[in-house]
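Student: One structure follows; several queries about it will come next.
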Amino acid sequence: MLAPLKRITVPVTPFQQNCSVVWCGASGHGAVIDPGGDLDRIAARVKAEGIILDKVLLTHAHLDHAAGARVFADAFSIPIEGPEAEDEFWLASLPQQAARYGFPVAPTFTPDRWLVDGDTVSFGNETMQVLHCPGHTPGHVVFYHSSGVAFVGDVLFQGSIGRTDFPRGNHGQLIESIRSKLWPLGDDVTFVPGHGPESTFGFERRTNPFVADALFN
Ligand SMILES: [Zn+2]
């Protein structure tokens with residue numbers, strides 16, 4: 001039987017961004033997805049669960065997801081993987097994004113590994129699939145674990161989808177990413193969005209006012 005991925009969600013920053021800590025129950029090795037801020041609180045949860053961190057994973061380079069990544073990765077001496085390279089211009093502007101929204105100083109950085117569609121990322125005995133889902137940002141990626149959980153960042157929310165009014169956002173592309181990359185993973189997949197409550201792809205296919213199947217028939 002497939003062991004479920006162990007995971008906890010830690011909402012961080014004034015934007016209440018859902019930072020996830022994921023780990024392998026067998027080895028205790030894990031990763032932190034989108035440590036945008038409130039790093040002490042994330043670190044406390046990591047310590048409380050006895051997790052050995054292998055890496056930081058980033059879905060995209062917006063402030064509330066990525067601003068704490070460099071400091072957090074350095075504190076744990078671990079690499080940063082993701083997002084896809086099209087988000088480089090967002091990473092370059094992290095210091096300005098932080099100043100504008102009153103965040104702690106956020107240095108710009110280059111990830112240790114840019115991700116591309118079809119890549120895998122691993123920690124302990126666990127592996128997640130990388131899906132490039134542009135639209136909210138051009139380099140946005142989603143992490144999917146075969147136990148049936150996806151970490152979708154700001155691609156999809158319960159009852160909504162990501163904003164596309166930022167530079168290089170693209171509404172049509174976002175819809176296409178959701179329908180062509182996420183839906184094929186299956187209706188039963190639970191997803192952790194970047195903000196707000198979890199849901200399933202099946203529920204959104206029935207009810208989401210932006211991407212419900214009925215809108216496209
Ligand atoms: Zn975002």
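FYI, nothing fancy with the structure tokens labels: chains A, B, ... in order, residues from 1 per chain, ligands from 1 as they appear.
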Find the residues around A:Ala43 up to 12 Å (only C-alpha atoms counted), leave out those fewer than 5 positions away in its own chain, and share them as a PyMOL selection string.
Tutor: chain A and resi 10+12+19-21+31-32+35+37-38+48-53+68+71-73+75-76
Student: Save out the residues we just selected, all heavy atoms, as a short mmCIF file (atom, residue, chain, number, x, y, z; two decimals), in the first residue's frame.
Tutor:
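And here's selection_23.cif as it stands now:
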data_model
loop_
_atom_site.label_atom_id
_atom_site.label_comp_id
_atom_site.auth_asym_id
_atom_site.auth_seq_id
_atom_site.Cartn_x
_atom_site.Cartn_y
_atom_site.Cartn_z
N VAL A 10 1.42 25.51 7.20
CA VAL A 10 1.69 26.63 8.10
C VAL A 10 1.39 27.93 7.35
O VAL A 10 2.17 28.35 6.51
CB VAL A 10 3.17 26.63 8.56
CG1 VAL A 10 3.41 27.70 9.62
CG2 VAL A 10 3.61 25.26 9.05
N VAL A 12 1.56 31.58 6.43
CA VAL A 12 2.61 32.55 6.76
C VAL A 12 2.36 33.89 6.07
O VAL A 12 1.64 33.96 5.07
CB VAL A 12 4.02 32.02 6.37
CG1 VAL A 12 4.38 30.78 7.17
CG2 VAL A 12 4.12 31.74 4.88
N CYS A 19 2.23 27.80 3.44
CA CYS A 19 3.51 27.08 3.38
C CYS A 19 3.24 25.64 3.81
O CYS A 19 2.55 25.40 4.80
CB CYS A 19 4.50 27.74 4.33
SG CYS A 19 6.02 26.81 4.58
N SER A 20 3.75 24.67 3.05
CA SER A 20 3.59 23.26 3.42
C SER A 20 4.93 22.67 3.80
O SER A 20 5.95 22.96 3.16
CB SER A 20 3.01 22.45 2.26
OG SER A 20 1.63 22.68 2.11
N VAL A 21 4.93 21.84 4.85
CA VAL A 21 6.08 21.01 5.16
C VAL A 21 5.67 19.59 4.81
O VAL A 21 4.62 19.12 5.27
CB VAL A 21 6.48 21.11 6.64
CG1 VAL A 21 7.76 20.34 6.90
CG2 VAL A 21 6.64 22.58 7.06
N ALA A 31 10.83 18.34 2.94
CA ALA A 31 11.04 19.59 2.21
C ALA A 31 10.02 20.62 2.68
O ALA A 31 8.95 20.26 3.15
CB ALA A 31 10.90 19.37 0.70
N VAL A 32 10.39 21.88 2.53
CA VAL A 32 9.46 22.98 2.82
C VAL A 32 9.09 23.64 1.50
O VAL A 32 9.96 24.02 0.72
CB VAL A 32 10.10 24.00 3.78
CG1 VAL A 32 9.21 25.22 3.91
CG2 VAL A 32 10.34 23.38 5.14
N PRO A 35 8.37 28.83 1.65
CA PRO A 35 8.57 29.53 2.93
C PRO A 35 8.64 31.04 2.71
O PRO A 35 9.71 31.64 2.71
CB PRO A 35 9.91 28.97 3.43
CG PRO A 35 10.67 28.64 2.18
CD PRO A 35 9.63 28.23 1.15
N GLY A 37 7.64 33.56 4.58
CA GLY A 37 7.96 34.40 5.73
C GLY A 37 7.61 33.66 7.01
O GLY A 37 7.33 32.46 6.97
N ASP A 38 7.63 34.38 8.13
CA ASP A 38 7.38 33.74 9.44
C ASP A 38 8.23 32.49 9.60
O ASP A 38 7.75 31.42 10.00
CB ASP A 38 5.89 33.40 9.60
CG ASP A 38 5.00 34.64 9.64
OD1 ASP A 38 5.48 35.69 10.13
OD2 ASP A 38 3.86 34.56 9.18
N ALA A 48 9.52 20.38 15.87
CA ALA A 48 8.56 19.63 16.68
C ALA A 48 8.25 18.26 16.08
O ALA A 48 8.02 17.29 16.80
CB ALA A 48 7.26 20.44 16.83
N GLU A 49 8.25 18.19 14.75
CA GLU A 49 7.95 16.91 14.08
C GLU A 49 9.21 16.06 13.88
O GLU A 49 9.13 14.94 13.38
CB GLU A 49 7.31 17.17 12.70
CG GLU A 49 5.98 17.92 12.75
CD GLU A 49 4.83 17.06 13.28
OE1 GLU A 49 4.99 15.83 13.41
OE2 GLU A 49 3.77 17.65 13.58
N GLY A 50 10.37 16.62 14.22
CA GLY A 50 11.62 15.87 14.06
C GLY A 50 12.03 15.63 12.62
O GLY A 50 12.65 14.62 12.29
N ILE A 51 11.67 16.58 11.75
CA ILE A 51 11.93 16.42 10.32
C ILE A 51 13.36 16.84 9.99
O ILE A 51 13.85 17.86 10.49
CB ILE A 51 10.94 17.28 9.49
CG1 ILE A 51 9.50 16.87 9.81
CG2 ILE A 51 11.23 17.17 8.00
CD1 ILE A 51 8.47 17.94 9.48
N ILE A 52 14.01 16.05 9.15
CA ILE A 52 15.33 16.40 8.63
C ILE A 52 15.11 17.02 7.25
O ILE A 52 14.70 16.34 6.31
CB ILE A 52 16.22 15.15 8.49
CG1 ILE A 52 16.31 14.41 9.82
CG2 ILE A 52 17.60 15.53 7.96
CD1 ILE A 52 16.47 12.91 9.66
N LEU A 53 15.35 18.33 7.15
CA LEU A 53 15.04 19.01 5.89
C LEU A 53 16.11 18.77 4.83
O LEU A 53 17.30 18.94 5.10
CB LEU A 53 14.88 20.51 6.12
CG LEU A 53 13.58 20.96 6.78
CD1 LEU A 53 13.57 22.48 6.89
CD2 LEU A 53 12.36 20.48 6.00
N GLY A 68 11.12 34.37 1.90
CA GLY A 68 11.95 33.82 2.97
C GLY A 68 12.85 32.67 2.53
O GLY A 68 13.60 32.12 3.35
N VAL A 71 16.90 32.95 3.06
CA VAL A 71 17.29 32.96 4.47
C VAL A 71 17.01 31.60 5.11
O VAL A 71 17.84 31.06 5.86
CB VAL A 71 16.54 34.08 5.22
CG1 VAL A 71 16.76 33.98 6.73
CG2 VAL A 71 17.00 35.45 4.70
N PHE A 72 15.86 31.02 4.80
CA PHE A 72 15.50 29.73 5.38
C PHE A 72 16.44 28.63 4.90
O PHE A 72 16.94 27.81 5.69
CB PHE A 72 14.05 29.38 5.00
CG PHE A 72 13.48 28.23 5.79
CD1 PHE A 72 12.90 28.43 7.02
CD2 PHE A 72 13.55 26.93 5.29
CE1 PHE A 72 12.38 27.37 7.76
CE2 PHE A 72 13.03 25.86 6.01
CZ PHE A 72 12.45 26.09 7.25
N ALA A 73 16.71 28.60 3.60
CA ALA A 73 17.60 27.58 3.05
C ALA A 73 19.01 27.70 3.63
O ALA A 73 19.65 26.69 3.95
CB ALA A 73 17.65 27.69 1.52
N ALA A 75 19.79 28.93 6.55
CA ALA A 75 19.76 28.56 7.97
C ALA A 75 19.85 27.04 8.13
O ALA A 75 20.42 26.55 9.11
CB ALA A 75 18.47 29.08 8.62
N PHE A 76 19.29 26.31 7.18
CA PHE A 76 19.32 24.84 7.26
C PHE A 76 20.38 24.23 6.35
O PHE A 76 20.50 23.00 6.28
CB PHE A 76 17.94 24.27 6.89
CG PHE A 76 16.91 24.42 7.98
CD1 PHE A 76 16.17 25.59 8.10
CD2 PHE A 76 16.70 23.40 8.90
CE1 PHE A 76 15.22 25.73 9.11
CE2 PHE A 76 15.76 23.54 9.92
CZ PHE A 76 15.02 24.72 10.03
#
Student: Could you give me, as CSV, a per-residue list for chain A showing, wherever an atom lies at most 12 Å from an atom of ligand 1, the closest pair of atoms and their distance in Å to one decimal, using only C-alpha atoms and all ligand atoms and sorting by chain then residue number from low to high?
Tutor:
residue,atom,partner,partner_atom_place_in_ligand_line,distance
A:Phe15,CA,ligand 1,1 (Zn),10.3
A:Gln16,CA,ligand 1,1 (Zn),11.9
A:Gln17,CA,ligand 1,1 (Zn),9.3
A:Asn18,CA,ligand 1,1 (Zn),11.3
A:Asp34,CA,ligand 1,1 (Zn),10.5
A:Gly36,CA,ligand 1,1 (Zn),10.7
A:Leu58,CA,ligand 1,1 (Zn),11.0
A:Thr59,CA,ligand 1,1 (Zn),8.8
A:His60,CA,ligand 1,1 (Zn),6.7
A:Ala61,CA,ligand 1,1 (Zn),7.3
A:His62,CA,ligand 1,1 (Zn),4.9
A:Leu63,CA,ligand 1,1 (Zn),7.5
A:Asp64,CA,ligand 1,1 (Zn),7.3
A:His65,CA,ligand 1,1 (Zn),7.0
A:Ala66,CA,ligand 1,1 (Zn),9.4
A:Ala67,CA,ligand 1,1 (Zn),11.5
A:Pro83,CA,ligand 1,1 (Zn),11.9
A:Asp87,CA,ligand 1,1 (Zn),10.9
A:Trp90,CA,ligand 1,1 (Zn),10.1
A:Leu91,CA,ligand 1,1 (Zn),12.0
A:Gln97,CA,ligand 1,1 (Zn),11.9
A:Pro134,CA,ligand 1,1 (Zn),11.3
A:Gly135,CA,ligand 1,1 (Zn),10.3
A:His136,CA,ligand 1,1 (Zn),6.6
A:Thr137,CA,ligand 1,1 (Zn),7.1
A:Pro138,CA,ligand 1,1 (Zn),10.8
A:Gly139,CA,ligand 1,1 (Zn),10.8
A:His140,CA,ligand 1,1 (Zn),8.7
A:Val141,CA,ligand 1,1 (Zn),11.2
A:Val152,CA,ligand 1,1 (Zn),10.5
A:Gly153,CA,ligand 1,1 (Zn),7.1
A:Asp154,CA,ligand 1,1 (Zn),5.1
A:Val155,CA,ligand 1,1 (Zn),8.1
A:Leu156,CA,ligand 1,1 (Zn),10.6
A:Phe157,CA,ligand 1,1 (Zn),11.6
A:Ile161,CA,ligand 1,1 (Zn),10.7
A:Gly162,CA,ligand 1,1 (Zn),7.2
A:Arg163,CA,ligand 1,1 (Zn),7.6
A:Thr164,CA,ligand 1,1 (Zn),9.3
A:Asp165,CA,ligand 1,1 (Zn),10.8
A:Phe166,CA,ligand 1,1 (Zn),9.2
A:Pro167,CA,ligand 1,1 (Zn),11.5
A:Gly169,CA,ligand 1,1 (Zn),10.2
A:Pro193,CA,ligand 1,1 (Zn),10.5
A:Gly194,CA,ligand 1,1 (Zn),7.7
A:His195,CA,ligand 1,1 (Zn),9.5
Student: I need the residue nearest A:Pro184 from this list: A:Asn170, A:Leu131, A:Leu215, A:Arg113. Use only C-alpha atoms for the distance.
Tutor: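 Using only C-alpha atoms, A:Pro184 sits closest to A:Leu131.
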Student: Compile the contact shell of stretch 23-29 of chain A as a list in words: residues with an atom at most 10 Å away, counting only C-alpha atoms, same-chain residues fewer than 4 positions apart removed.
Tutor: Ala3, Pro4, Leu5, Lys6, Arg7, Ile8, Val46, Glu49, Gly50, Ile51, Ile52, Leu53, Asp54, Lys55, Ser122, Phe123, Gly124, Asn125, Glu126 and Thr127 of chain A
Student: With only C-alpha atoms as the counted atoms, please give the residues lying no more than 12 Å from A:Val130, apart from itself and same-chain residues fewer than 6 positions off, as a compact mmCIF listing (two decimals) with N, CA, C and O atoms, in the first residue's frame.
Tutor:
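Result file out_36.txt:
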# COMPACT_ATOMS: atom_id res chain seq x y z
N LEU A 57 11.40 23.94 -1.70
CA LEU A 57 10.77 23.89 -3.02
C LEU A 57 9.93 25.14 -3.22
O LEU A 57 9.25 25.58 -2.28
N LEU A 58 9.96 25.72 -4.42
CA LEU A 58 9.18 26.92 -4.71
C LEU A 58 8.23 26.68 -5.87
O LEU A 58 8.64 26.19 -6.92
N THR A 59 6.95 27.06 -5.67
CA THR A 59 5.97 26.97 -6.76
C THR A 59 6.14 28.13 -7.73
O THR A 59 5.99 27.98 -8.93
N GLU A 81 14.99 24.43 -4.83
CA GLU A 81 14.62 23.86 -6.14
C GLU A 81 13.31 24.50 -6.60
O GLU A 81 12.32 24.51 -5.87
N GLY A 82 13.32 25.03 -7.84
CA GLY A 82 12.16 25.71 -8.39
C GLY A 82 12.25 27.20 -8.14
O GLY A 82 13.12 27.66 -7.41
N PRO A 83 11.37 27.95 -8.81
CA PRO A 83 10.37 27.48 -9.78
C PRO A 83 10.99 27.21 -11.15
O PRO A 83 12.17 26.86 -11.23
N GLU A 84 10.20 27.33 -12.20
CA GLU A 84 10.68 27.22 -13.57
C GLU A 84 11.35 28.56 -13.93
O GLU A 84 10.97 29.60 -13.39
N TRP A 114 16.71 25.07 -11.29
CA TRP A 114 15.46 25.46 -11.96
C TRP A 114 14.72 24.18 -12.34
O TRP A 114 15.34 23.20 -12.73
N LEU A 115 13.42 24.19 -12.25
CA LEU A 115 12.65 23.00 -12.59
C LEU A 115 11.99 23.16 -13.95
O LEU A 115 11.68 24.27 -14.37
N VAL A 116 11.79 22.04 -14.63
CA VAL A 116 11.04 22.05 -15.89
C VAL A 116 9.94 21.00 -15.81
O VAL A 116 10.00 20.08 -14.99
N ASP A 117 8.95 21.16 -16.67
CA ASP A 117 7.83 20.22 -16.71
C ASP A 117 8.35 18.80 -16.89
O ASP A 117 9.22 18.55 -17.72
N GLY A 118 7.83 17.88 -16.09
CA GLY A 118 8.25 16.48 -16.20
C GLY A 118 9.37 16.10 -15.24
O GLY A 118 9.69 14.92 -15.10
N ASP A 119 9.97 17.10 -14.60
CA ASP A 119 10.99 16.81 -13.58
C ASP A 119 10.36 16.09 -12.39
O ASP A 119 9.14 16.11 -12.21
N THR A 120 11.20 15.50 -11.55
CA THR A 120 10.75 15.03 -10.25
C THR A 120 11.63 15.68 -9.19
O THR A 120 12.77 16.06 -9.44
N VAL A 121 11.05 15.83 -7.99
CA VAL A 121 11.81 16.30 -6.83
C VAL A 121 11.63 15.25 -5.74
O VAL A 121 10.57 14.64 -5.62
N SER A 122 12.68 15.01 -4.96
CA SER A 122 12.57 13.95 -3.96
C SER A 122 13.16 14.35 -2.63
O SER A 122 13.98 15.28 -2.52
N GLY A 139 6.50 31.11 -14.77
CA GLY A 139 7.33 29.97 -14.35
C GLY A 139 6.72 29.17 -13.21
O GLY A 139 7.43 28.45 -12.51
N HIS A 140 5.43 29.27 -13.05
CA HIS A 140 4.77 28.58 -11.92
C HIS A 140 4.81 27.06 -12.11
O HIS A 140 4.52 26.56 -13.20
N VAL A 141 5.16 26.34 -11.05
CA VAL A 141 5.11 24.88 -11.09
C VAL A 141 4.20 24.36 -9.98
O VAL A 141 3.97 25.04 -8.97
N VAL A 142 3.69 23.15 -10.20
CA VAL A 142 2.85 22.43 -9.23
C VAL A 142 3.59 21.15 -8.87
O VAL A 142 4.22 20.53 -9.73
N PHE A 143 3.51 20.77 -7.60
CA PHE A 143 4.13 19.53 -7.15
C PHE A 143 3.04 18.51 -6.86
O PHE A 143 2.12 18.78 -6.08
N TYR A 144 3.16 17.34 -7.48
CA TYR A 144 2.14 16.29 -7.32
C TYR A 144 2.75 15.02 -6.74
O TYR A 144 3.75 14.52 -7.26
N HIS A 145 2.12 14.51 -5.67
CA HIS A 145 2.56 13.25 -5.07
C HIS A 145 1.52 12.17 -5.38
O HIS A 145 0.31 12.42 -5.28
N SER A 146 1.99 10.98 -5.73
CA SER A 146 1.11 9.93 -6.24
C SER A 146 0.13 9.38 -5.21
O SER A 146 -0.78 8.62 -5.55
N ALA A 150 -1.73 17.41 -4.33
CA ALA A 150 -1.00 18.34 -5.17
C ALA A 150 -0.84 19.68 -4.44
O ALA A 150 -1.77 20.14 -3.77
N PHE A 151 0.32 20.26 -4.58
CA PHE A 151 0.62 21.58 -4.00
C PHE A 151 0.63 22.55 -5.16
O PHE A 151 1.57 22.56 -5.97
N VAL A 152 -0.44 23.34 -5.28
CA VAL A 152 -0.69 24.06 -6.53
C VAL A 152 -0.37 25.55 -6.46
O VAL A 152 -0.58 26.26 -7.46
N LYS A 181 -3.27 20.13 -17.30
CA LYS A 181 -2.23 19.55 -16.42
C LYS A 181 -2.80 18.99 -15.13
O LYS A 181 -2.38 17.93 -14.67
N LEU A 182 -3.76 19.69 -14.53
CA LEU A 182 -4.26 19.26 -13.21
C LEU A 182 -5.39 18.24 -13.33
O LEU A 182 -5.35 17.20 -12.67
Student: Have a look at A:Ser93, A:Thr110, A:Ser177, A:Ser77 and name the one nearest to A:Val211; count only C-alpha atoms.
Tutor: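 Of A:Ser93, A:Thr110, A:Ser177, A:Ser77, the one nearest A:Val211, counting only C-alpha atoms, is A:Ser177.
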Student: Contacts of A:Phe201 at 8 Å or less, counting only C-alpha atoms, minus same-chain residues fewer than 6 places along, as a list in words?
Tutor: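 These residues fall inside the cut-off: Leu182, Trp183, Gly186, Asp187, Asp188, Val189, Thr190 and Phe191 of chain A.
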